[in-house]
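A.B. asks: Below is the file input.txt, which contains compact mmCIF, C-alpha atoms.
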# COMPACT_ATOMS: atom_id res chain seq x y z
CA MET A 1 171.60 42.26 13.57
CA ASP A 2 168.56 40.09 14.19
CA GLU A 3 167.26 37.37 11.95
CA LEU A 4 164.72 39.54 10.16
CA GLU A 5 167.34 42.16 9.36
CA ARG A 6 169.60 39.49 7.91
CA ARG A 7 166.79 38.09 5.79
CA LEU A 8 165.81 41.56 4.59
CA ARG A 9 169.37 42.44 3.66
CA SER A 10 169.72 39.20 1.76
CA ALA A 11 166.44 39.68 -0.09
CA LEU A 12 167.31 43.26 -1.09
CA THR A 13 170.72 42.20 -2.36
CA ASP A 14 169.05 39.42 -4.31
CA MET A 15 166.53 41.81 -5.84
CA ALA A 16 169.16 44.39 -6.75
CA GLY A 17 171.17 41.69 -8.47
CA GLU A 18 168.27 40.99 -10.79
CA VAL A 19 168.63 44.38 -12.47
CA PRO A 20 170.74 43.87 -15.58
CA ALA A 21 173.81 46.05 -16.00
CA SER A 22 173.52 48.82 -18.57
CA THR A 23 175.53 48.37 -21.71
CA ASP A 24 176.18 52.00 -22.62
CA ALA A 25 175.22 54.12 -19.65
CA TRP A 26 177.88 56.78 -20.23
CA GLY A 27 176.97 57.03 -23.90
CA GLU A 28 173.34 57.57 -22.97
CA HIS A 29 174.40 60.20 -20.43
CA GLU A 30 176.30 62.08 -23.12
CA ARG A 31 173.35 61.88 -25.48
CA ARG A 32 171.12 63.37 -22.79
CA MET A 33 173.60 66.14 -22.10
CA ALA A 34 173.78 66.94 -25.80
CA ARG A 35 169.97 67.06 -26.00
CA ARG A 36 169.86 69.47 -23.07
CA GLY A 37 172.54 71.55 -24.74
CA ARG A 38 170.46 71.87 -27.90
CA GLN A 39 167.41 72.83 -25.87
CA ALA A 40 169.40 75.40 -23.92
CA ARG A 41 170.83 76.82 -27.14
CA ARG A 42 167.34 77.68 -28.33
CA ARG A 43 166.58 79.44 -25.05
CA PRO A 44 168.93 82.45 -25.44
CA ILE A 45 167.62 83.01 -28.94
CA LEU A 46 164.10 83.24 -27.56
CA VAL A 47 165.30 85.58 -24.81
CA VAL A 48 167.06 87.80 -27.33
CA ALA A 49 164.00 87.80 -29.57
CA ALA A 50 161.82 88.79 -26.63
CA ALA A 51 164.28 91.53 -25.65
CA ALA A 52 164.32 92.79 -29.22
CA ALA A 53 160.51 92.84 -29.29
CA VAL A 54 160.40 94.80 -26.04
CA ALA A 55 163.06 97.19 -27.33
CA ALA A 56 161.06 97.66 -30.53
CA LEU A 57 157.93 98.44 -28.53
CA ILE A 58 159.87 101.12 -26.67
CA MET A 59 161.83 102.47 -29.61
CA VAL A 60 159.02 102.77 -32.16
CA PRO A 61 157.01 105.34 -30.17
CA VAL A 62 160.22 107.23 -29.44
CA LEU A 63 161.14 107.33 -33.11
CA VAL A 64 157.64 108.39 -34.08
CA PHE A 65 157.74 111.06 -31.42
CA ASN A 66 161.13 112.26 -32.68
CA SER A 67 160.08 112.21 -36.33
CA ARG A 68 157.21 114.52 -35.45
CA GLY A 69 159.67 116.96 -33.95
CA GLY A 70 158.67 116.21 -30.41
CA GLY A 71 162.15 115.17 -29.39
CA GLY A 72 163.96 117.86 -31.28
CA GLY A 73 166.04 115.22 -33.08
CA ASP A 74 166.06 114.39 -36.76
CA ASP A 75 167.85 111.08 -37.26
CA LEU A 76 169.78 108.33 -35.57
CA THR A 77 173.33 109.39 -36.30
CA ALA A 78 176.22 107.96 -34.38
CA ALA A 79 176.10 110.96 -32.08
CA ASN A 80 172.52 110.49 -30.91
CA ARG A 81 172.23 106.77 -31.30
CA PRO A 82 170.56 105.26 -28.26
CA PRO A 83 173.03 104.28 -25.58
CA GLU A 84 174.22 100.71 -25.76
CA THR A 85 172.72 99.88 -22.45
CA SER A 86 169.19 100.57 -23.64
CA VAL A 87 168.92 97.48 -25.77
CA SER A 88 172.28 95.91 -25.31
CA THR A 89 172.87 92.24 -25.27
CA PRO A 90 176.31 92.02 -23.77
CA SER A 91 178.16 89.00 -24.96
CA THR A 92 178.79 87.76 -21.48
CA LYS A 93 175.10 87.74 -20.74
CA ILE A 94 174.15 85.45 -23.57
CA PRO A 95 173.73 82.23 -21.66
CA SER A 96 175.79 79.30 -22.71
CA SER A 97 174.10 76.16 -23.82
CA GLY A 98 174.95 73.88 -20.97
CA VAL A 99 178.64 73.31 -21.49
CA VAL A 100 180.80 75.88 -19.78
CA VAL A 101 184.08 76.40 -21.52
CA PRO A 102 187.06 76.78 -19.23
CA GLN A 103 190.12 78.83 -19.96
CA THR A 104 192.32 76.03 -21.14
CA LYS A 105 196.04 75.84 -21.44
CA ALA A 106 195.86 75.09 -25.14
CA THR A 107 199.11 75.71 -26.91
CA TYR A 108 200.24 76.30 -30.45
CA GLN A 109 203.53 74.97 -31.71
CA PRO A 110 204.91 77.72 -33.97
CA GLY A 111 206.11 76.71 -37.40
CA VAL A 112 209.50 77.63 -38.82
CA GLY A 113 209.91 81.41 -38.76
CA GLU A 114 206.70 81.95 -36.79
CA THR A 115 206.39 83.72 -33.47
CA ILE A 116 203.23 83.93 -31.39
CA VAL A 117 201.96 87.45 -30.78
CA ILE A 118 198.65 86.60 -29.05
CA GLY A 119 197.05 83.34 -28.05
CA PRO A 120 195.83 80.83 -28.65
CA VAL A 121 192.71 82.43 -27.15
CA SER A 122 189.76 80.13 -26.45
CA LEU A 123 186.77 81.66 -28.23
CA MET A 124 183.97 79.12 -28.20
CA THR A 125 183.03 75.49 -28.34
CA GLU A 126 180.16 74.44 -30.50
CA GLN A 127 178.46 71.27 -31.48
CA SER A 128 179.17 70.35 -35.04
CA GLY A 129 176.63 68.82 -37.36
CA GLY A 130 177.74 65.26 -36.73
CA GLY A 131 177.05 65.46 -33.02
CA GLY A 132 180.67 66.05 -32.06
CA TYR A 133 182.22 69.23 -30.79
CA ARG A 134 184.87 71.62 -32.00
CA SER A 135 186.70 74.16 -29.95
CA LEU A 136 187.68 77.36 -31.73
CA TYR A 137 190.65 79.56 -30.94
CA GLY A 138 192.03 82.87 -32.13
CA LEU A 139 195.74 83.31 -32.67
CA VAL A 140 197.97 86.14 -33.85
CA LEU A 141 201.27 85.15 -35.41
CA ASN A 142 204.22 86.95 -36.87
CA ALA A 143 205.90 85.23 -39.80
CA LYS A 144 208.46 86.69 -42.18
CA GLY A 145 207.79 90.17 -40.92
CA GLU A 146 204.05 89.90 -41.49
CA THR A 147 201.49 89.88 -38.69
CA MET A 148 198.54 87.53 -39.21
CA TYR A 149 195.35 86.64 -37.43
CA CYS A 150 194.72 82.90 -37.59
CA THR A 151 191.88 80.64 -36.60
CA ALA A 152 192.69 77.38 -34.88
CA GLU A 153 190.84 74.34 -33.65
CA GLY A 154 191.45 72.26 -30.57
CA LYS A 155 190.33 68.89 -29.38
CA THR A 156 187.51 68.47 -26.89
CA PHE A 157 186.32 65.78 -24.59
CA THR A 158 183.24 63.99 -25.85
CA THR A 159 181.16 66.28 -23.63
CA GLY A 160 182.53 69.33 -25.45
CA ILE A 161 184.94 70.48 -22.77
CA PRO A 162 188.17 71.60 -24.47
CA ARG A 163 191.32 69.69 -23.66
CA ASP A 164 194.65 71.19 -22.79
CA ASP A 165 196.20 70.14 -26.05
CA ALA A 166 198.02 71.74 -28.91
CA VAL A 167 195.67 73.50 -31.31
CA THR A 168 195.81 73.18 -35.07
CA LYS A 169 196.09 76.31 -37.19
CA ARG A 170 193.43 76.58 -39.89
CA ALA A 171 193.40 79.85 -41.85
CA CYS A 172 195.33 83.10 -41.55
CA SER A 173 194.71 86.64 -42.75
CA PRO A 174 197.29 89.42 -42.75
CA LEU A 175 196.82 92.40 -40.44
CA ARG A 176 197.50 95.97 -41.45
CA PRO A 177 198.36 98.70 -38.96
CA PRO A 178 195.56 101.24 -38.65
CA LYS A 179 195.84 104.62 -40.32
CA PRO A 180 196.65 107.60 -38.09
CA GLY A 181 193.76 108.36 -35.77
CA LYS A 182 192.30 104.86 -36.19
CA VAL A 183 192.64 101.86 -33.87
CA PHE A 184 191.36 98.76 -35.67
CA TRP A 185 193.90 96.33 -37.05
CA GLY A 186 191.25 93.92 -38.20
CA LYS A 187 187.82 92.39 -37.70
CA PHE A 188 187.02 88.72 -38.24
CA GLN A 189 183.86 86.67 -38.05
CA VAL A 190 184.17 83.31 -36.35
CA SER A 191 182.51 80.68 -38.47
CA THR A 192 179.81 78.95 -36.42
CA VAL A 193 177.11 76.43 -37.21
CA ALA A 194 174.55 78.28 -35.09
CA ASP A 195 171.87 79.89 -37.22
CA ASN A 196 171.15 82.92 -35.09
CA MET A 197 174.37 83.59 -33.28
CA GLY A 198 177.74 84.75 -34.44
CA GLY A 199 181.13 85.44 -32.98
CA PHE A 200 183.37 88.35 -33.88
CA VAL A 201 187.03 89.01 -33.18
CA PHE A 202 188.42 92.54 -33.22
CA LEU A 203 192.06 93.50 -33.08
CA ALA A 204 192.41 97.04 -31.83
CA ALA A 205 195.15 99.34 -30.55
CA LYS A 206 196.22 99.17 -26.92
CA ASN A 207 194.26 102.23 -25.84
CA THR A 208 191.04 100.38 -26.66
CA HIS A 209 189.16 99.23 -23.59
CA HIS A 210 186.25 97.46 -25.31
CA VAL A 211 184.41 97.35 -28.60
CA VAL A 212 180.70 98.03 -28.90
CA VAL A 213 179.13 95.95 -31.63
CA ARG A 214 175.74 96.51 -33.22
CA ALA A 215 174.06 93.51 -34.84
CA ASP A 216 171.87 93.80 -37.91
CA ASN A 217 168.83 93.09 -35.76
CA GLY A 218 169.51 96.24 -33.75
CA THR A 219 170.90 94.63 -30.62
CA TYR A 220 174.24 95.57 -29.13
CA ALA A 221 177.03 93.53 -27.64
CA THR A 222 180.32 94.38 -26.02
CA ALA A 223 183.51 92.70 -27.13
CA ASP A 224 185.89 92.33 -24.22
CA ARG A 225 189.63 91.92 -24.24
CA MET A 226 190.57 88.24 -24.49
CA GLY A 227 194.25 88.47 -25.37
CA SER A 228 196.98 91.05 -25.32
CA GLY A 229 199.83 91.76 -27.73
CA THR A 230 202.53 94.40 -27.99
CA ASP A 231 200.77 96.79 -30.36
CA PHE A 232 197.17 95.69 -30.12
CA ASP A 233 194.76 93.50 -28.17
CA LEU A 234 192.25 90.84 -29.18
CA PHE A 235 188.57 91.43 -28.35
CA PHE A 236 185.78 88.94 -28.79
CA THR A 237 182.01 88.80 -28.47
CA TYR A 238 179.00 86.83 -29.53
CA ILE A 239 176.10 88.58 -31.17
CA SER A 240 172.54 87.47 -31.54
CA GLY A 241 172.72 87.46 -35.31
CA LYS A 242 175.03 86.61 -38.13
CA THR A 243 176.08 90.07 -39.27
CA ILE A 244 176.97 93.37 -37.68
CA THR A 245 176.18 96.82 -38.99
CA ASN A 246 178.87 98.76 -37.17
CA TYR A 247 181.36 98.53 -34.35
CA THR A 248 182.94 101.18 -32.17
CA ALA A 249 186.18 101.12 -30.20
CA LYS A 250 185.89 102.80 -26.80
CA ASP A 251 188.54 103.78 -24.34
CA ALA A 252 188.37 103.20 -20.59
CA ALA A 253 186.41 106.43 -20.12
CA GLY A 254 183.83 105.34 -22.69
CA GLN A 255 185.02 107.83 -25.31
CA THR A 256 184.83 106.71 -28.93
CA LEU A 257 188.21 105.96 -30.49
CA GLU A 258 186.96 104.75 -33.85
CA ASP A 259 183.50 104.17 -35.28
CA ALA A 260 183.57 101.74 -38.16
CA MET B 1 176.40 74.20 -28.95
CA VAL B 2 178.06 77.49 -28.21
CA ALA B 3 179.59 78.35 -24.90
CA GLY B 4 181.35 81.34 -23.52
CA PRO B 5 184.98 81.51 -22.64
CA GLY B 6 186.48 82.35 -19.35
CA ALA B 7 183.80 80.83 -17.18
CA ALA B 8 185.94 78.48 -15.17
CA GLY B 9 189.46 77.65 -14.25
CA PRO B 10 191.69 74.75 -15.13
CA SER B 11 190.30 72.68 -12.26
CA ARG B 12 187.29 72.07 -14.51
CA MET B 13 189.29 69.27 -16.09
CA ASP B 14 189.72 67.58 -12.72
CA ALA B 15 186.04 68.08 -12.07
CA MET B 16 185.13 66.36 -15.33
CA VAL B 17 187.33 63.41 -14.49
CA ALA B 18 185.82 63.25 -11.00
CA PHE B 19 182.32 63.30 -12.47
CA SER B 20 182.97 60.47 -14.90
CA THR B 21 184.62 58.47 -12.12
CA LEU B 22 181.59 58.97 -9.88
CA PHE B 23 179.37 57.96 -12.78
CA ASP B 24 181.30 54.73 -13.30
CA GLU B 25 181.26 53.93 -9.60
CA SER B 26 177.69 54.85 -8.77
CA PHE B 27 175.46 54.57 -11.82
CA GLU B 28 174.56 50.90 -11.36
CA ALA B 29 173.97 51.39 -7.63
CA MET B 30 171.67 54.35 -8.26
CA LYS B 31 169.78 52.36 -10.88
CA ARG B 32 169.28 49.48 -8.46
CA LEU B 33 168.23 51.89 -5.74
CA ALA B 34 165.48 53.22 -8.02
CA TYR B 35 164.41 49.65 -8.75
CA LEU B 36 164.28 48.70 -5.08
CA LEU B 37 162.20 51.79 -4.38
CA GLY B 38 159.66 50.47 -6.84
CA ALA B 39 160.32 52.52 -9.97
CA ASP B 40 159.57 50.74 -13.21
CA ASP B 41 162.21 52.71 -15.18
CA PRO B 42 165.27 52.66 -12.92
CA GLU B 43 167.69 53.25 -15.79
CA ASN B 44 165.91 56.43 -16.79
CA ILE B 45 165.80 57.65 -13.21
CA ALA B 46 169.50 57.05 -12.67
CA GLN B 47 170.31 58.83 -15.92
CA GLU B 48 168.15 61.81 -15.03
CA ALA B 49 169.74 62.01 -11.59
CA PHE B 50 173.20 62.19 -13.14
CA VAL B 51 172.14 64.82 -15.65
CA ARG B 52 170.85 66.96 -12.78
CA LEU B 53 174.01 66.32 -10.82
CA HIS B 54 176.03 67.43 -13.84
CA ASP B 55 174.11 70.71 -13.90
CA ARG B 56 175.11 71.38 -10.31
CA TRP B 57 178.54 69.82 -10.42
CA HIS B 58 180.31 73.13 -9.82
CA THR B 59 178.74 73.25 -6.35
CA LEU B 60 178.83 69.51 -5.67
CA TYR B 61 182.33 68.73 -6.81
CA ASP B 62 182.95 66.79 -3.69
CA GLU B 63 182.03 63.18 -3.10
CA ASN B 64 180.70 64.07 0.33
CA LYS B 65 178.11 66.30 -1.30
CA ALA B 66 177.62 64.55 -4.61
CA LEU B 67 176.59 61.12 -3.37
CA PRO B 68 173.95 62.38 -0.93
CA TYR B 69 172.60 64.63 -3.68
CA LEU B 70 172.45 61.69 -6.08
CA ARG B 71 170.66 59.48 -3.55
CA ALA B 72 168.15 62.18 -2.73
CA MET B 73 167.57 62.81 -6.43
CA VAL B 74 166.96 59.11 -7.10
CA VAL B 75 164.52 58.92 -4.19
CA ASN B 76 162.66 62.02 -5.37
CA LEU B 77 162.54 60.91 -8.99
CA SER B 78 161.34 57.46 -7.93
CA ARG B 79 158.58 59.06 -5.87
CA SER B 80 157.55 61.19 -8.84
CA ARG B 81 157.49 58.14 -11.06
CA LEU B 82 155.36 56.20 -8.58
CA ARG B 83 152.94 59.10 -8.28
CA HIS B 84 152.68 59.22 -12.05
CA LEU B 85 152.04 55.49 -12.25
CA LYS B 86 149.46 55.73 -9.54
CA VAL B 87 147.54 58.27 -11.62
CA VAL B 88 148.00 56.47 -14.92
CA ARG B 89 147.22 53.00 -13.66
CA LYS B 90 144.81 54.13 -10.97
CA ALA B 91 146.41 51.51 -8.78
CA PRO B 92 148.55 51.85 -5.68
CA PRO B 93 152.24 51.85 -6.57
CA ASP B 94 153.01 49.23 -3.97
CA VAL B 95 151.44 46.63 -6.21
CA MET B 96 154.00 47.30 -8.87
CA LEU B 97 156.93 45.79 -7.07
CA ASP B 98 155.03 42.56 -6.60
CA GLU B 99 153.91 42.51 -10.21
CA VAL B 100 157.41 42.94 -11.51
CA SER B 101 158.69 40.36 -9.10
CA ALA B 102 156.02 37.87 -10.00
CA GLU B 103 156.64 38.24 -13.69
CA THR B 104 160.37 38.24 -13.77
CA HIS B 105 161.33 36.21 -10.78
CA ALA B 106 158.98 33.28 -10.72
CA LEU B 107 161.81 31.00 -9.79
CA ALA B 108 163.12 33.16 -6.99
CA ARG B 109 163.47 31.58 -3.67
CA GLN B 110 160.36 31.43 -1.56
CA GLU B 111 162.00 33.29 1.26
CA HIS B 112 162.91 36.28 -0.87
CA ARG B 113 159.50 36.30 -2.52
CA ARG B 114 157.86 36.58 0.86
CA ILE B 115 160.06 39.50 1.82
CA ARG B 116 159.49 41.19 -1.54
CA GLU B 117 155.77 40.96 -1.14
CA ALA B 118 155.94 42.15 2.44
CA LEU B 119 158.05 45.13 1.31
CA GLY B 120 155.43 45.90 -1.30
CA LYS B 121 152.84 46.24 1.43
CA LEU B 122 154.79 48.84 3.35
CA SER B 123 154.19 52.54 2.94
CA ARG B 124 156.45 54.39 0.54
CA ARG B 125 158.41 56.07 3.32
CA GLN B 126 158.87 52.81 5.24
CA ARG B 127 160.19 51.02 2.18
CA GLU B 128 162.57 53.90 1.43
CA VAL B 129 164.00 53.75 4.92
CA LEU B 130 164.52 49.99 4.80
CA VAL B 131 166.15 50.07 1.36
CA LEU B 132 168.49 52.87 2.34
CA ARG B 133 169.34 51.19 5.63
CA TYR B 134 169.66 47.55 4.63
CA TRP B 135 170.73 47.78 1.03
CA LEU B 136 172.82 50.96 0.87
CA ASP B 137 173.95 50.50 4.49
CA LEU B 138 173.39 54.17 5.26
CA ASP B 139 173.38 55.30 8.85
CA GLN B 140 170.40 57.16 10.27
CA ALA B 141 171.90 60.59 9.68
CA ALA B 142 172.55 59.83 6.01
CA ILE B 143 169.04 58.42 5.59
CA ALA B 144 167.62 61.55 7.20
CA GLU B 145 169.63 63.72 4.81
CA THR B 146 168.53 61.70 1.81
CA LEU B 147 164.86 61.79 2.70
CA GLY B 148 164.91 65.32 4.05
CA VAL B 149 163.54 64.34 7.46
CA ALA B 150 164.80 64.38 11.04
CA VAL B 151 166.91 61.57 12.44
CA GLY B 152 164.17 60.88 14.98
CA THR B 153 161.72 60.35 12.14
CA VAL B 154 164.09 57.87 10.57
CA LYS B 155 164.38 55.93 13.83
CA ALA B 156 160.62 55.81 14.29
CA THR B 157 159.93 54.94 10.64
CA THR B 158 162.53 52.16 10.68
CA SER B 159 161.01 50.70 13.82
CA HIS B 160 157.48 50.81 12.40
CA ALA B 161 158.68 49.42 9.08
CA MET B 162 160.39 46.44 10.73
CA ASN B 163 157.31 45.73 12.87
CA ASN B 164 155.05 45.88 9.83
CA LEU B 165 157.42 43.73 7.82
CA ARG B 166 157.47 41.15 10.58
CA LYS B 167 153.67 41.23 10.80
CA HIS B 168 153.23 40.78 7.03
CA LEU B 169 155.65 37.87 7.03
CA GLU B 170 153.80 36.17 9.86
CA GLU B 171 150.55 36.52 7.91
CA TRP B 172 152.05 34.64 4.96
As a first step, turn the structure in this file into structure tokens.
C.D. replies:
Amino acid sequence: MDELERRLRSALTDMAGEVPASTDAWGEHERRMARRGRQARRRPILVVAAAAAVAALIMVPVLVFNSRGGGGGDDLTAANRPPETSVSTPSTKIPSSGVVVPQTKATYQPGVGETIVIGPVSLMTEQSGGGGYRSLYGLVLNAKGETMYCTAEGKTFTTGIPRDDAVTKRACSPLRPPKPGKVFWGKFQVSTVADNMGGFVFLAAKNTHHVVVRADNGTYATADRMGSGTDFDLFFTYISGKTITNYTAKDAAGQTLEDA
Amino acid sequence: MVAGPGAAGPSRMDAMVAFSTLFDESFEAMKRLAYLLGADDPENIAQEAFVRLHDRWHTLYDENKALPYLRAMVVNLSRSRLRHLKVVRKAPPDVMLDEVSAETHALARQEHRRIREALGKLSRRQREVLVLRYWLDLDQAAIAETLGVAVGTVKATTSHAMNNLRKHLEEW
């Protein structure tokens, strides 16, 4: 190293040392990540709205055409309802908002007399109003001969990534076996703070492959199997809305098992 | 914030720990790199670089990839900032380093002031090469990767930069 190189190195080190250390760099990083998450959360809503508008542009002329007898149809009954794929918004295609939730090894410590049937199944992580996060789980328990679906919450890292910790049971609802010829044991809405997005859990008999869900805004989503029990499985999906108008259990061949 | 389940495996936890460790180890260095490259908001640049790294962490979860990506991001963001300042201030960005130095380091040693001012007179690329070489101690291959140029270009630029630096110091 020659003299100039030594002087340059010394000067650069001196200059770098003049930059004061940050006091809360990681905190600022987390704030930025949270801001990006909020921005990203708005994006899927816009995409869904655009998809709905496009679907409406396509569907309205078709309906008008049909109502004039051109299509030979008379209404939109379950039998001739447009196929899900035409305007579907599969749950897995709704983009996440920046934080990807891993399949964690969250556990639930059963209480006295309780046995775990399914779960805990990681459903979603969302930002709560105070800027923190909560991770939501679904759980099916058997207690005193009664089968119950329960919601549970787990801890997250400050970035919203769920931790592999024990989850805390929140509320439970009893499940009733379906009547003959039916498959649904229960349907539950996951309480979220998002205005335009909801989550739904379905418990359906073992021969159910997936559940097609129709939101009140006309879009469709597919609830996939997230957990498996002895008599039934747990299915979950997001929808681009807060309510659903109907849901249909399908078998592996796509045949309808129950339309509710 | 709502996110979908089943998108990653348990190793995501390790990745998060690795990211926060890298942040702790490298944030201050990246901030100082931005400062030495002439950016007037080094903290913001370092933060933005880490946010972008976080977005790509699933593909860069490896220190051998993450650090070069971070360095390149800081260099690119610093360039963007200097271009913006050049438009806003309608003044060459090289002046900025001297201005900051003059204002905040009036008592700095004469020797370092001379070198600072000489660095400020170099072209952007020449200053980048010297900072990466003599402050971050990167070898020529790493500098080439950071700047997105050939190793031969790094050699030539370093040589020209040192000659120009020497010339500016002699003019003092």
A.B. asks: For Lys187 of chain A, which residue among A:Thr219, A:Thr13, A:Asn142, A:Thr237 is the nearest when counting only C-alpha atoms?
C.D. replies: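 Using only C-alpha atoms, the shortest distance to Lys187 of chain A belongs to A:Thr237.
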A.B. asks: So, counting only C-alpha atoms, which residue among B:His112, B:Arg56, B:Arg81, B:Arg71 is closest to chain A?
C.D. replies: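 Among B:His112, B:Arg56, B:Arg81, B:Arg71, it is B:His112 that comes nearest to chain A.
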A.B. asks: Have a look at atom CA of Ala221 of chain A and atom CA of Ser173 of chain A and let me know their distance in Å, one decimal.
C.D. replies: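 Those two atoms sit 24.3 Å apart.
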A.B. asks: Residues around (184.5, 87.4, -37.9), cut-off 9 Å, counting only C-alpha atoms - what are they as a PDB file with C-alpha atoms, keeping the file's coordinate frame?
C.D. replies:
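Wrote selection_10.pdb, looks like this:
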ATOM      1  CA  LYS A 187     187.820  92.390 -37.700  1.00  0.00           C
ATOM      2  CA  PHE A 188     187.020  88.720 -38.240  1.00  0.00           C
ATOM      3  CA  GLN A 189     183.860  86.670 -38.050  1.00  0.00           C
ATOM      4  CA  VAL A 190     184.170  83.310 -36.350  1.00  0.00           C
ATOM      5  CA  SER A 191     182.510  80.680 -38.470  1.00  0.00           C
ATOM      6  CA  GLY A 198     177.740  84.750 -34.440  1.00  0.00           C
ATOM      7  CA  GLY A 199     181.130  85.440 -32.980  1.00  0.00           C
ATOM      8  CA  PHE A 200     183.370  88.350 -33.880  1.00  0.00           C
ATOM      9  CA  VAL A 201     187.030  89.010 -33.180  1.00  0.00           C
ATOM     10  CA  PHE A 202     188.420  92.540 -33.220  1.00  0.00           C
ATOM     11  CA  THR A 243     176.080  90.070 -39.270  1.00  0.00           C
TER      12      THR A 243
END
